[in-house]
Each structure stands twice: as structure tokens, then as C-alpha cells.
>>> print(open('final_38.cif').read())   # mmCIF, C-alpha atoms
data_model
#
loop_
_atom_site.label_atom_id
_atom_site.label_comp_id
_atom_site.auth_asym_id
_atom_site.auth_seq_id
_atom_site.Cartn_x
_atom_site.Cartn_y
_atom_site.Cartn_z
CA MET E 1 28.46 -8.23 66.83
CA SER E 2 30.55 -6.67 69.58
CA PRO E 3 28.73 -4.53 72.16
CA VAL E 4 31.62 -2.05 71.86
CA ARG E 5 32.16 -0.01 68.70
CA TYR E 6 35.70 1.15 67.90
CA GLU E 7 35.93 4.30 65.81
CA VAL E 8 38.85 6.52 64.80
CA SER E 9 38.61 10.14 63.70
CA GLY E 10 41.88 11.99 63.21
CA SER E 11 43.97 11.53 66.35
CA THR E 12 41.06 10.36 68.53
CA ALA E 13 39.84 6.80 69.07
CA THR E 14 36.35 6.34 70.48
CA LEU E 15 35.07 3.29 72.32
CA VAL E 16 31.27 3.30 72.29
CA LEU E 17 29.43 0.97 74.68
CA ASP E 18 26.62 0.07 72.32
CA GLU E 19 24.22 -2.43 73.84
CA PRO E 20 21.48 -0.11 75.15
CA ARG E 21 18.80 -2.80 75.38
CA ASN E 22 21.00 -4.49 78.00
CA ARG E 23 21.86 -1.12 79.61
CA ASN E 24 25.47 -1.78 78.57
CA ALA E 25 25.74 -4.33 81.37
CA ILE E 26 29.14 -5.89 81.90
CA THR E 27 29.50 -9.14 80.00
CA PRO E 28 32.57 -11.04 78.72
CA GLU E 29 31.91 -9.55 75.29
CA LEU E 30 31.78 -5.99 76.59
CA LEU E 31 34.98 -6.49 78.58
CA GLU E 32 36.77 -7.91 75.55
CA GLY E 33 35.47 -5.07 73.38
CA ILE E 34 36.98 -2.45 75.67
CA ALA E 35 40.23 -4.38 76.09
CA SER E 36 40.70 -4.97 72.35
CA GLY E 37 39.93 -1.33 71.62
CA LEU E 38 42.57 -0.19 74.10
CA ARG E 39 45.10 -2.55 72.54
CA ALA E 40 44.34 -1.09 69.12
CA THR E 41 44.96 2.45 70.39
CA GLU E 42 48.34 1.47 71.80
CA GLU E 43 49.37 0.00 68.45
CA ASP E 44 48.32 3.09 66.47
CA ALA E 45 50.83 5.93 66.72
CA ARG E 46 48.27 8.36 65.29
CA ILE E 47 46.07 8.12 68.36
CA ARG E 48 46.60 10.88 70.95
CA ALA E 49 43.49 10.30 73.10
CA VAL E 50 40.74 7.76 73.74
CA VAL E 51 37.09 8.68 74.34
CA LEU E 52 34.91 6.23 76.27
CA THR E 53 31.21 6.87 75.70
CA HIS E 54 27.89 5.08 75.19
CA THR E 55 24.56 4.93 73.41
CA GLY E 56 21.24 4.80 75.25
CA ASN E 57 20.30 6.28 78.58
CA THR E 58 22.77 4.16 80.58
CA PHE E 59 26.54 4.25 80.32
CA CYS E 60 26.88 1.00 82.24
CA ALA E 61 24.50 -0.68 84.69
CA GLY E 62 27.18 -2.89 86.21
CA ALA E 63 26.61 -6.61 86.52
CA ASP E 64 24.35 -8.39 84.08
CA LEU E 65 22.19 -9.80 86.86
CA SER E 66 20.24 -12.01 84.50
CA ARG E 67 23.46 -13.87 83.78
CA GLY E 68 24.32 -13.77 87.45
CA LYS E 69 21.10 -15.60 88.24
CA ARG E 70 22.25 -18.35 85.90
CA GLY E 71 25.66 -18.46 87.58
CA LYS E 72 27.55 -16.97 84.65
CA GLN E 73 28.26 -13.46 85.87
CA GLY E 74 30.66 -11.90 88.37
CA SER E 75 30.20 -9.72 91.40
CA ALA E 76 31.07 -6.37 89.90
CA GLY E 77 29.62 -7.24 86.55
CA ALA E 78 32.85 -9.06 85.78
CA ALA E 79 32.83 -12.18 83.71
CA SER E 80 35.83 -14.04 82.42
CA ALA E 81 36.37 -14.98 78.81
CA GLU E 82 35.77 -18.53 77.66
CA GLY E 83 38.38 -20.91 78.95
CA ASP E 84 39.44 -19.02 82.07
CA SER E 85 41.74 -20.81 84.48
CA ALA E 86 39.32 -21.06 87.42
CA ASP E 87 38.33 -24.50 88.62
CA PRO E 88 34.64 -24.90 87.61
CA ALA E 89 34.20 -27.15 90.66
CA ASP E 90 35.19 -24.27 92.97
CA PRO E 91 32.52 -21.53 92.81
CA ALA E 92 34.63 -19.09 94.85
CA ALA E 93 37.62 -19.47 92.55
CA GLU E 94 35.43 -19.13 89.48
CA GLN E 95 33.74 -16.07 90.91
CA ARG E 96 37.09 -14.53 91.78
CA GLU E 97 38.43 -14.97 88.26
CA ARG E 98 35.33 -13.39 86.80
CA GLY E 99 35.86 -10.41 89.06
CA ARG E 100 39.48 -10.26 87.94
CA ALA E 101 38.39 -9.95 84.31
CA ALA E 102 36.59 -6.67 85.04
CA ALA E 103 39.39 -5.48 87.33
CA ASP E 104 41.87 -6.08 84.52
CA VAL E 105 39.87 -3.90 82.13
CA CYS E 106 39.68 -1.12 84.72
CA ARG E 107 43.42 -1.34 85.16
CA ALA E 108 43.97 -1.29 81.40
CA LEU E 109 42.06 2.00 81.21
CA LEU E 110 44.18 3.40 84.02
CA GLU E 111 47.50 2.20 82.57
CA SER E 112 46.86 3.04 78.91
CA PRO E 113 49.58 5.43 77.74
CA LYS E 114 46.91 7.45 75.95
CA PRO E 115 44.67 9.78 78.00
CA VAL E 116 41.16 8.33 78.37
CA ILE E 117 38.24 10.77 78.50
CA ALA E 118 34.81 9.53 79.57
CA ALA E 119 31.93 11.42 77.92
CA LEU E 120 28.74 10.41 79.71
CA ASP E 121 25.11 11.43 79.51
CA GLY E 122 23.39 8.52 81.19
CA HIS E 123 23.26 6.40 84.31
CA VAL E 124 26.40 4.86 85.80
CA ARG E 125 25.94 2.12 88.38
CA ALA E 126 27.94 -0.48 90.31
CA GLY E 127 30.77 -1.95 88.20
CA GLY E 128 30.35 0.85 85.67
CA MET E 129 31.63 3.20 88.36
CA GLY E 130 34.95 1.39 88.15
CA PHE E 131 35.29 2.20 84.45
CA VAL E 132 34.62 5.87 85.16
CA ALA E 133 37.05 5.96 88.10
CA ALA E 134 39.76 4.55 85.83
CA CYS E 135 39.42 7.35 83.27
CA ASP E 136 41.65 10.42 83.34
CA VAL E 137 39.02 13.05 82.53
CA VAL E 138 35.29 12.59 83.10
CA LEU E 139 32.73 14.85 81.42
CA ALA E 140 29.15 14.28 82.56
CA GLY E 141 26.08 15.66 80.83
CA PRO E 142 22.83 16.70 82.52
CA ARG E 143 21.29 13.21 82.31
CA ALA E 144 24.23 11.49 83.99
CA THR E 145 23.73 9.98 87.43
CA PHE E 146 26.13 7.93 89.51
CA GLY E 147 25.53 5.25 92.14
CA LEU E 148 27.10 2.37 94.03
CA SER E 149 23.96 0.27 94.33
CA GLU E 150 25.62 -3.00 95.40
CA VAL E 151 24.41 -2.97 99.02
CA ARG E 152 20.81 -2.98 97.80
CA ILE E 153 21.23 -6.44 96.29
CA GLY E 154 23.28 -7.79 99.20
CA VAL E 155 26.83 -7.46 97.83
CA VAL E 156 29.79 -5.13 98.34
CA ALA E 157 31.37 -2.76 95.81
CA ALA E 158 34.73 -4.31 96.63
CA MET E 159 36.37 -5.02 93.27
CA ILE E 160 36.08 -1.39 92.17
CA ALA E 161 36.69 0.03 95.66
CA PRO E 162 40.41 0.82 95.29
CA LEU E 163 39.70 2.92 92.20
CA VAL E 164 36.56 4.63 93.45
CA LEU E 165 37.92 5.32 96.94
CA ALA E 166 41.02 6.92 95.43
CA ARG E 167 38.76 9.49 93.77
CA LEU E 168 36.62 10.35 96.83
CA GLY E 169 37.00 11.82 100.29
CA ASP E 170 36.12 9.54 103.21
CA ARG E 171 32.82 11.22 104.09
CA THR E 172 31.56 11.14 100.53
CA ALA E 173 32.71 7.55 100.12
CA ALA E 174 30.81 6.51 103.25
CA GLU E 175 27.60 8.06 101.95
CA TRP E 176 27.93 6.57 98.49
CA PHE E 177 28.94 3.05 99.60
CA LEU E 178 26.45 2.80 102.47
CA ARG E 179 23.32 4.46 101.08
CA GLY E 180 23.49 2.98 97.59
CA SER E 181 21.50 5.89 96.17
CA ALA E 182 22.18 7.86 93.01
CA VAL E 183 23.73 11.32 92.78
CA SER E 184 23.64 13.89 89.99
CA ALA E 185 26.49 14.91 87.75
CA ALA E 186 26.83 18.16 89.69
CA GLU E 187 27.10 16.27 92.99
CA ALA E 188 29.64 13.86 91.50
CA ALA E 189 31.72 16.79 90.23
CA SER E 190 31.59 18.47 93.63
CA ALA E 191 32.85 15.23 95.18
CA GLY E 192 35.76 15.05 92.72
CA PHE E 193 34.55 11.87 91.03
CA VAL E 194 33.67 13.77 87.85
CA THR E 195 36.00 16.30 86.26
CA ARG E 196 33.24 18.52 84.90
CA ALA E 197 29.46 18.48 85.01
CA VAL E 198 28.30 19.92 81.70
CA PRO E 199 25.00 21.81 82.11
CA ALA E 200 22.00 21.28 79.87
CA GLY E 201 22.06 23.17 76.60
CA ALA E 202 19.52 23.80 73.89
CA GLU E 203 18.71 20.13 73.47
CA ALA E 204 17.17 20.02 76.94
CA ALA E 205 14.19 21.83 75.44
CA GLY E 206 13.63 19.00 72.99
CA GLY E 207 16.45 19.11 70.46
CA VAL E 208 19.07 16.47 69.72
CA SER E 209 20.27 14.42 72.69
CA GLY E 210 23.40 12.32 72.95
CA GLY E 211 22.04 9.78 75.44
CA ALA E 212 18.49 8.58 75.15
CA GLY E 213 16.10 11.07 76.73
CA ALA E 214 13.21 10.11 78.96
CA ALA E 215 10.84 10.03 76.01
CA ARG E 216 12.91 7.50 74.07
CA THR E 217 11.77 3.91 74.03
CA ALA E 218 14.19 1.02 74.38
CA ALA E 219 13.82 0.32 70.69
CA SER E 220 14.63 3.85 69.53
CA ALA E 221 17.53 4.05 72.01
CA ALA E 222 19.29 1.41 69.95
CA ASP E 223 19.51 3.90 67.09
CA ALA E 224 20.61 6.86 69.23
CA PRO E 225 23.96 8.53 68.57
CA PRO E 226 26.73 8.26 71.17
CA ALA E 227 26.43 10.50 74.20
CA SER E 228 29.56 12.31 73.06
CA ALA E 229 27.57 13.57 70.05
CA SER E 230 25.39 15.66 72.36
CA PRO E 231 26.11 19.33 71.53
CA VAL E 232 26.84 20.28 75.14
CA LEU E 233 29.16 17.33 75.66
CA ALA E 234 30.75 17.60 72.22
CA GLU E 235 31.84 21.17 72.91
CA ALA E 236 33.37 20.29 76.27
CA LEU E 237 35.00 17.19 74.81
CA GLU E 238 36.53 19.12 71.90
CA GLU E 239 38.03 21.59 74.34
CA VAL E 240 39.83 18.76 76.15
CA LEU E 241 40.88 16.99 72.95
CA GLY E 242 42.17 20.26 71.48
CA ASP E 243 44.51 20.68 74.44
CA LEU E 244 45.71 17.09 74.21
CA ARG E 245 46.54 17.53 70.51
CA LYS E 246 49.03 20.24 71.53
CA ALA E 247 50.95 17.94 73.86
CA ALA E 248 53.90 15.67 73.04
CA PRO E 249 52.78 11.99 73.15
CA ALA E 250 55.69 10.81 75.31
CA ALA E 251 55.14 13.65 77.76
CA LEU E 252 51.42 12.82 77.91
CA ALA E 253 52.16 9.17 78.72
CA ALA E 254 54.68 10.08 81.42
CA SER E 255 52.34 12.67 82.92
CA LYS E 256 49.52 10.12 83.02
CA ARG E 257 51.75 7.65 84.88
CA LEU E 258 52.66 10.42 87.31
CA VAL E 259 49.12 11.51 88.18
CA ASN E 260 47.84 7.92 88.44
CA ARG E 261 50.72 6.60 90.51
CA ARG E 262 48.84 6.84 93.82
CA VAL E 263 45.73 5.18 92.37
CA LEU E 264 47.75 2.33 90.88
CA ARG E 265 49.56 1.77 94.16
CA ARG E 266 46.22 1.38 95.91
CA VAL E 267 45.00 -1.05 93.26
CA GLU E 268 48.16 -3.13 93.63
CA GLU E 269 48.03 -3.18 97.42
CA GLU E 270 44.32 -3.92 97.85
CA GLY E 271 43.27 -5.65 94.63
CA GLU E 272 43.58 -9.29 95.69
CA GLU E 273 41.86 -8.72 99.03
CA MET E 274 39.00 -6.92 97.30
CA LEU E 275 38.53 -9.74 94.79
CA ASP E 276 38.18 -12.19 97.69
CA LEU E 277 35.68 -9.94 99.47
CA SER E 278 33.65 -9.39 96.33
CA ALA E 279 33.48 -13.11 95.51
CA SER E 280 32.50 -14.10 99.04
CA PHE E 281 29.55 -11.73 99.10
CA PHE E 282 28.36 -12.52 95.62
CA LEU E 283 28.09 -16.18 96.56
CA SER E 284 26.16 -15.40 99.75
CA ASP E 285 22.52 -16.08 100.59
CA ASP E 286 21.90 -12.33 100.67
CA ALA E 287 23.17 -11.96 97.11
CA ARG E 288 20.95 -14.75 95.86
CA ALA E 289 17.94 -13.18 97.56
CA GLY E 290 18.85 -9.68 96.40
CA MET E 291 19.42 -10.64 92.79
CA GLY E 292 16.24 -12.66 92.69
CA ALA E 293 14.25 -9.76 94.12
CA PHE E 294 15.79 -7.34 91.65
CA LEU E 295 14.91 -9.51 88.68
CA ALA E 296 11.39 -10.04 90.02
CA LYS E 297 11.07 -6.28 90.66
CA GLU E 298 10.35 -6.96 94.31
CA ALA E 299 11.83 -5.66 97.55
CA PRO E 300 14.55 -7.92 99.01
CA PRO E 301 13.72 -9.59 102.35
CA TRP E 302 15.84 -7.28 104.49
CA VAL E 303 13.98 -4.07 103.59
CA VAL E 304 12.13 -2.60 106.58
CA GLY E 305 9.56 0.18 106.73
CA GLU E 306 11.01 2.03 109.71
#
>>> encode(input="final_38.cif", output="C-alpha cells")
Amino acid sequence: MSPVRYEVSGSTATLVLDEPRNRNAITPELLEGIASGLRATEEDARIRAVVLTHTGNTFCAGADLSRGKRGKQGSAGAASAEGDSADPADPAAEQRERGRAAADVCRALLESPKPVIAALDGHVRAGGMGFVAACDVVLAGPRATFGLSEVRIGVVAAMIAPLVLARLGDRTAAEWFLRGSAVSAAEAASAGFVTRAVPAGAEAAGGVSGGAGAARTAASAADAPPASASPVLAEALEEVLGDLRKAAPAALAASKRLVNRRVLRRVEEEGEEMLDLSASFFLSDDARAGMGAFLAKEAPPWVVGE
């Protein structure tokens, strides 16, 4: 079963990242699920907009570090499909191609002729930040948090850097990339990374929640509805979709190319260099130590008390 559900309602296609037990970590299957869903939207003339959302309390945790420990996973959570062209005898080349797989999906989101709206009410980390940066409109619920945590496991958020940096000012980027800590939806909106932070509504007092709330267990999270079903997010999302339904499809596609032109130029100019940088760090001694410490729930060796 694919970790990405593809659903169509009227003129809207929804891609639901639906592997909450794995925190929607980036795997070859998840990458292919997003890519195939985007291809389906391009082939369906009925579709005016694409919604990217999730189940569980995490939109995307980035790399599947458990796979990374076994040497099967890429630096930004990227992993290539079976039969990729990398030389298996060359770890750097293999790592680079795995990074490219995730970069290609980010670019597909950015280049899709249909507007892509992210509807989030959970945690976004590491490579998942690249997916969000590639979306056209980002709506974040009260449980959403955002973080570039790569430095804490000894790697660099390089593969997604062209996208993320295009959405941030230099001072904010420095804080996010260097500290590796999480920020709230309101902070992310203030920084320009999120289009709109949607405040808590009635469900905050214990009603229905789109993402899994703190009281949900991992097992019950698997049965949770998509975050976009949250009443507060659903209302904000419908407002955006209602406007898009009034627009001519060709004009929407051309307008999307126009507003993303600067971001795409940056991706084209810096993409190859960033893949090299990402691969080199993910194959480093620091990365091995950092990933091992993360999986063992221990502090990595470079952490100091003062």
C-alpha cells in the first residue's frame, strides 16, 4: 500500500501523506506516491488545485534515519527508486542520486501547472521543509511546527536549501539553519515561510482534530483524518480553493510560473552544488555518529554543557 493517498473531490486533488507510524518519513515509496499523484493531476483537466496534507501529528519528519543507518536512505530523506543509475560501488554517487530523487519531487511540486496548497497541522522537519517550501500556498494549523534539524545529527540542510532560502530573509535563515530548533506556525508565518497561520478553533478544547493531538497514541493516529479535515484548516483551505475555482486554468499556470521564476532560477543555479554538499556530509563520521545517537536516543558526541 502506498504511503500517499490520492483523492479527488470536484476540481481538487488531495495528496495525503499517510504513514503516521513512520512520521511520514521520506522513503522511495513516499517520493513515488507524491510524484505519481502530481502526474495524475496534470493529466486530469478537471483538476484546478492540489492539496498536500497528512495524517498523524507529523507532516514529514525528513529522512528515514532507520533506513539511513542501514545505508539505504539519503541525506535529506531522499532515496532513489529501485534501479537508479548510481554506481553501487561509489557511495558518494549513490548518495547523490538518492538526494536527487527528493530534489526532483520538490521541483515537481514547484513546477506543477496546478497551484499546490499545503494544509498542515503537525510537525515539519528537515527534508519535509523542502516539500513545504515548494508549495504555492501554505496553511498551518495550531499544532504545526517547523525546523531544520539537520545540524543536530551532523549534516547540512543543503539539498533543500535553494528552496528554503528563497522563502526566508537572511537573518531568519541563519537562525533556522544554525540553531536547528523548532518554530511555531505563527513564527513561520511572520518569517514568510508560511502563508497563513490558522489559529486554534473549537477543537482545541477537545473536539475533532485534523492532525493527531497530544493525547492520541501512535495506533489511533493511523486512523486519524487528514489535517485538512480540521475545521479551522478546512475553512481557510476552502477560502483559497474557492478563489482558485474562479480563475482561468491557463492564467493560473502562467501566474504560477511567474511567481516561482526566481525560486526556480535559484534551484537551477545551486542544485548540483547542494547535492554534492549534502552527500559529502551525510557520508561523514559526524553523520554516522549523529544518526546513531538519534536512533539510540542519546546525545551525539559533540554536545557540550557550556
>>> residues_around(input="final_38.cif", residues="Pro142 of chain E", least_positions_apart="2", cutoff="7 Å", atoms="all atoms listed in the file", output="list in words")
Asp121, Ala140, Ala144, Ala185, Val198, Pro199 and Ala200 of chain E
>>> resolve_selection(input="final_38.cif", expression="the PyMOL selection byres ((chain E and resi 258-270) around 10)", output="list in words")
Ala103, Arg107, Leu110, Glu111, Ala133, Ala134, Cys135, Asp136, Ala158, Met159, Ile160, Ala161, Pro162, Leu163, Val164, Leu165, Ala166, Arg167, Leu252, Ala253, Ala254, Ser255, Lys256, Arg257, Gly271, Glu272, Glu273, Met274 and Leu275 of chain E
>>> residues_around(input="final_38.cif", residues="Cys60 of chain E", least_positions_apart="5", cutoff="6 Å", atoms="only C-alpha atoms", output="ChimeraX atom specification")
/E:24-25,124,128
>>> atom_distance(input="final_38.cif", atom1="atom CA of Val138 of chain E", atom2="atom CA of Val194 of chain E")
5.2 Å
>>> resolve_selection(input="final_38.cif", expression="the PyMOL selection byres ((chain E and resi 278) around 12)", output="PyMOL selection string")
chain E and resi 74-78+92-93+95-100+102-103+127+150-151+154-161+271-277+279-284+287
>>> atom_distance(input="final_38.cif", atom1="atom CA of Ile153 of chain E", atom2="atom CA of Asp90 of chain E")
22.9 Å
>>> atom_distance(input="final_38.cif", atom1="atom CA of Glu239 of chain E", atom2="atom CA of Thr55 of chain E")
21.4 Å
>>> decode(input="final_38.cif", residues="segment 269-282 of chain E", atoms="all heavy atoms", output="PDB file, in the first residue's frame")
ATOM      1  N   GLU E 269      20.518  27.074 -10.487  1.00  0.00           N
ATOM      2  CA  GLU E 269      21.886  27.547 -10.337  1.00  0.00           C
ATOM      3  C   GLU E 269      22.648  26.821  -9.232  1.00  0.00           C
ATOM      4  O   GLU E 269      23.864  26.612  -9.349  1.00  0.00           O
ATOM      5  CB  GLU E 269      21.891  29.053 -10.060  1.00  0.00           C
ATOM      6  CG  GLU E 269      21.433  29.902 -11.238  1.00  0.00           C
ATOM      7  CD  GLU E 269      21.311  31.376 -10.870  1.00  0.00           C
ATOM      8  OE1 GLU E 269      21.441  31.702  -9.666  1.00  0.00           O
ATOM      9  OE2 GLU E 269      21.089  32.189 -11.783  1.00  0.00           O
ATOM     10  N   GLU E 270      21.961  26.434  -8.170  1.00  0.00           N
ATOM     11  CA  GLU E 270      22.639  25.909  -6.993  1.00  0.00           C
ATOM     12  C   GLU E 270      22.405  24.424  -6.742  1.00  0.00           C
ATOM     13  O   GLU E 270      23.054  23.835  -5.870  1.00  0.00           O
ATOM     14  CB  GLU E 270      22.188  26.691  -5.755  1.00  0.00           C
ATOM     15  CG  GLU E 270      22.454  28.187  -5.842  1.00  0.00           C
ATOM     16  CD  GLU E 270      21.868  28.948  -4.668  1.00  0.00           C
ATOM     17  OE1 GLU E 270      21.359  28.302  -3.726  1.00  0.00           O
ATOM     18  OE2 GLU E 270      21.906  30.188  -4.685  1.00  0.00           O
ATOM     19  N   GLY E 271      21.482  23.823  -7.490  1.00  0.00           N
ATOM     20  CA  GLY E 271      21.053  22.454  -7.183  1.00  0.00           C
ATOM     21  C   GLY E 271      22.172  21.431  -7.170  1.00  0.00           C
ATOM     22  O   GLY E 271      22.288  20.629  -6.226  1.00  0.00           O
ATOM     23  N   GLU E 272      23.005  21.411  -8.202  1.00  0.00           N
ATOM     24  CA  GLU E 272      24.054  20.390  -8.278  1.00  0.00           C
ATOM     25  C   GLU E 272      25.070  20.552  -7.153  1.00  0.00           C
ATOM     26  O   GLU E 272      25.507  19.569  -6.540  1.00  0.00           O
ATOM     27  CB  GLU E 272      24.745  20.472  -9.650  1.00  0.00           C
ATOM     28  CG  GLU E 272      23.838  20.133 -10.812  1.00  0.00           C
ATOM     29  CD  GLU E 272      23.227  18.748 -10.702  1.00  0.00           C
ATOM     30  OE1 GLU E 272      23.980  17.781 -10.427  1.00  0.00           O
ATOM     31  OE2 GLU E 272      21.999  18.621 -10.877  1.00  0.00           O
ATOM     32  N   GLU E 273      25.471  21.797  -6.879  1.00  0.00           N
ATOM     33  CA  GLU E 273      26.404  22.047  -5.790  1.00  0.00           C
ATOM     34  C   GLU E 273      25.836  21.581  -4.460  1.00  0.00           C
ATOM     35  O   GLU E 273      26.544  20.993  -3.617  1.00  0.00           O
ATOM     36  CB  GLU E 273      26.729  23.536  -5.726  1.00  0.00           C
ATOM     37  CG  GLU E 273      27.634  23.925  -4.570  1.00  0.00           C
ATOM     38  CD  GLU E 273      27.769  25.432  -4.400  1.00  0.00           C
ATOM     39  OE1 GLU E 273      27.128  26.183  -5.162  1.00  0.00           O
ATOM     40  OE2 GLU E 273      28.508  25.844  -3.483  1.00  0.00           O
ATOM     41  N   MET E 274      24.547  21.831  -4.242  1.00  0.00           N
ATOM     42  CA  MET E 274      23.926  21.449  -2.978  1.00  0.00           C
ATOM     43  C   MET E 274      23.807  19.936  -2.833  1.00  0.00           C
ATOM     44  O   MET E 274      23.930  19.391  -1.730  1.00  0.00           O
ATOM     45  CB  MET E 274      22.545  22.108  -2.845  1.00  0.00           C
ATOM     46  CG  MET E 274      22.582  23.619  -2.706  1.00  0.00           C
ATOM     47  SD  MET E 274      23.482  24.172  -1.222  1.00  0.00           S
ATOM     48  CE  MET E 274      25.067  24.660  -1.949  1.00  0.00           C
ATOM     49  N   LEU E 275      23.594  19.228  -3.936  1.00  0.00           N
ATOM     50  CA  LEU E 275      23.561  17.769  -3.875  1.00  0.00           C
ATOM     51  C   LEU E 275      24.919  17.221  -3.466  1.00  0.00           C
ATOM     52  O   LEU E 275      25.015  16.280  -2.668  1.00  0.00           O
ATOM     53  CB  LEU E 275      23.130  17.195  -5.227  1.00  0.00           C
ATOM     54  CG  LEU E 275      21.657  17.340  -5.593  1.00  0.00           C
ATOM     55  CD1 LEU E 275      21.423  16.875  -7.024  1.00  0.00           C
ATOM     56  CD2 LEU E 275      20.759  16.567  -4.643  1.00  0.00           C
ATOM     57  N   ASP E 276      25.990  17.806  -4.000  1.00  0.00           N
ATOM     58  CA  ASP E 276      27.337  17.384  -3.620  1.00  0.00           C
ATOM     59  C   ASP E 276      27.595  17.633  -2.136  1.00  0.00           C
ATOM     60  O   ASP E 276      28.138  16.769  -1.427  1.00  0.00           O
ATOM     61  CB  ASP E 276      28.381  18.140  -4.448  1.00  0.00           C
ATOM     62  CG  ASP E 276      28.452  17.655  -5.882  1.00  0.00           C
ATOM     63  OD1 ASP E 276      28.015  16.524  -6.154  1.00  0.00           O
ATOM     64  OD2 ASP E 276      28.953  18.411  -6.731  1.00  0.00           O
ATOM     65  N   LEU E 277      27.213  18.830  -1.672  1.00  0.00           N
ATOM     66  CA  LEU E 277      27.442  19.179  -0.269  1.00  0.00           C
ATOM     67  C   LEU E 277      26.649  18.264   0.656  1.00  0.00           C
ATOM     68  O   LEU E 277      27.163  17.763   1.666  1.00  0.00           O
ATOM     69  CB  LEU E 277      27.053  20.640  -0.032  1.00  0.00           C
ATOM     70  CG  LEU E 277      27.204  21.174   1.394  1.00  0.00           C
ATOM     71  CD1 LEU E 277      28.658  21.101   1.838  1.00  0.00           C
ATOM     72  CD2 LEU E 277      26.680  22.611   1.482  1.00  0.00           C
ATOM     73  N   SER E 278      25.413  18.019   0.308  1.00  0.00           N
ATOM     74  CA  SER E 278      24.565  17.148   1.113  1.00  0.00           C
ATOM     75  C   SER E 278      25.152  15.748   1.205  1.00  0.00           C
ATOM     76  O   SER E 278      25.266  15.168   2.288  1.00  0.00           O
ATOM     77  CB  SER E 278      23.154  17.101   0.506  1.00  0.00           C
ATOM     78  OG  SER E 278      22.315  16.246   1.234  1.00  0.00           O
ATOM     79  N   ALA E 279      25.555  15.191   0.072  1.00  0.00           N
ATOM     80  CA  ALA E 279      26.090  13.829   0.051  1.00  0.00           C
ATOM     81  C   ALA E 279      27.372  13.729   0.860  1.00  0.00           C
ATOM     82  O   ALA E 279      27.579  12.761   1.610  1.00  0.00           O
ATOM     83  CB  ALA E 279      26.332  13.388  -1.388  1.00  0.00           C
ATOM     84  N   SER E 280      28.252  14.736   0.737  1.00  0.00           N
ATOM     85  CA  SER E 280      29.526  14.663   1.441  1.00  0.00           C
ATOM     86  C   SER E 280      29.335  14.649   2.950  1.00  0.00           C
ATOM     87  O   SER E 280      30.028  13.920   3.669  1.00  0.00           O
ATOM     88  CB  SER E 280      30.429  15.833   1.033  1.00  0.00           C
ATOM     89  OG  SER E 280      29.899  17.074   1.480  1.00  0.00           O
ATOM     90  N   PHE E 281      28.373  15.425   3.442  1.00  0.00           N
ATOM     91  CA  PHE E 281      28.159  15.447   4.882  1.00  0.00           C
ATOM     92  C   PHE E 281      27.436  14.199   5.359  1.00  0.00           C
ATOM     93  O   PHE E 281      27.706  13.711   6.460  1.00  0.00           O
ATOM     94  CB  PHE E 281      27.390  16.707   5.288  1.00  0.00           C
ATOM     95  CG  PHE E 281      28.293  17.831   5.694  1.00  0.00           C
ATOM     96  CD1 PHE E 281      28.813  18.689   4.745  1.00  0.00           C
ATOM     97  CD2 PHE E 281      28.665  18.016   7.012  1.00  0.00           C
ATOM     98  CE1 PHE E 281      29.675  19.712   5.100  1.00  0.00           C
ATOM     99  CE2 PHE E 281      29.526  19.034   7.388  1.00  0.00           C
ATOM    100  CZ  PHE E 281      30.035  19.888   6.425  1.00  0.00           C
ATOM    101  N   PHE E 282      26.538  13.674   4.559  1.00  0.00           N
ATOM    102  CA  PHE E 282      25.795  12.515   5.023  1.00  0.00           C
ATOM    103  C   PHE E 282      26.656  11.262   5.084  1.00  0.00           C
ATOM    104  O   PHE E 282      26.313  10.286   5.747  1.00  0.00           O
ATOM    105  CB  PHE E 282      24.564  12.273   4.154  1.00  0.00           C
ATOM    106  CG  PHE E 282      23.419  11.680   4.911  1.00  0.00           C
ATOM    107  CD1 PHE E 282      22.607  12.475   5.692  1.00  0.00           C
ATOM    108  CD2 PHE E 282      23.140  10.328   4.873  1.00  0.00           C
ATOM    109  CE1 PHE E 282      21.549  11.941   6.406  1.00  0.00           C
ATOM    110  CE2 PHE E 282      22.083   9.776   5.579  1.00  0.00           C
ATOM    111  CZ  PHE E 282      21.294  10.591   6.356  1.00  0.00           C
TER     112      PHE E 282
END
